[in-house]
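One structure is given here, and the rest of the page talks about it.
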Amino acid sequence: MTEAITLADDPDLAHLIDLLDMLRGPEATSLWGEGDHSIGKKFASRLRPILSGQGRAHDVDYLAVYVLKYLGKDNPHVTEEQITKGLRGVNGLPAAGHAWVEDATRTAWTLVTRYSLPHWRGHRGTPGQDWLAAP
């Protein structure tokens with residue numbers, strides 16, 4: 001996919017952006033870290049093109065992978081407790097943090113499989129091709 005992907009094109013992408021908007025912004029260094037190699041910088045590098053209407057499949061894929069890697073359940077980078085504290089308007093309600101992580105992870109995985117699967121499949125262009133040839 002070489003065309004730009006906008007939020008209007010992909011409701012799952014729009015939903016993931018809505019979820020990220022529930023968290024404190026990049027100024028919250030207690031959540032995103034500081035410096036040139038912060039998690040916030042990684043997210044910004046993919047969010048900017050997407051939000052400006054210039055995002056490509058690799059930007060969406062990387063953003064979704066970042067959610068899985070840095071904000072997913074049991075990751076070592078940003079804990080569920082930090083996410084709970086970083087959620088706007090829920091006053092540290094643990095169930096909200098848990099629900100956010102579950103929803104964000106599920107949505108991110110949907111996007112990763114949508115935009116990465118052709119690369120993972122490699123030379124096999126037909127879905128399930130290996131199973132057709134199986135004994």
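All residue names refer to the structure tokens as shown: chains lettered A, B, ... in order, residues numbered from 1 in each chain, ligands numbered from 1 in order.
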Practice item. Compile the contact shell of Arg46 in chain A as an NGL selection string: residues with an atom at most 10 Å away, counting only C-alpha atoms, same-chain residues fewer than 6 positions apart removed. Key: :A and (55-56 or 58-64 or 66)
Point to revise | For Leu87 in chain A: contacts at 10 Å, only C-alpha atoms, fewer than 5 positions along chain excluded, given as a list in words | key: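 Residues meeting the cut-off are Leu19, Leu20, Asp21, Met22, Leu23, Arg24, Gly25, Gln82, Gly92, Leu93, Ala96, Gly97 and Trp100 of chain A.
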Review point. With only C-alpha atoms as the atoms that count, which of A:Asp130, A:Gly72, A:Asp103, A:Pro135 lies nearest to Asp12 in chain A?
Key: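 Selected residue with least distance to Asp12 in chain A: A:Asp103.
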Exercise for review: Find the distance between CA of Ala4 in chain A and CA of Ser52 in chain A and write it in Å to one decimal.
Suggested key: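 Interatomic distance here is 10.0 Å.
Proximity to Pro11 in chain A was assessed for A:Thr29, A:Gln54, A:Thr110, A:Ser116 counting only C-alpha atoms; the smallest distance is recorded for A:Thr110.
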Check your understanding: From the set A:Trp131, A:Tyr70, A:Tyr115, A:Trp109, which residue has the shortest atom-to-atom contact distance to Ile39 in chain A, counting only C-alpha atoms?
Key ->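 Nearest candidate to Ile39 in chain A out of A:Trp131, A:Tyr70, A:Tyr115, A:Trp109: A:Tyr70.
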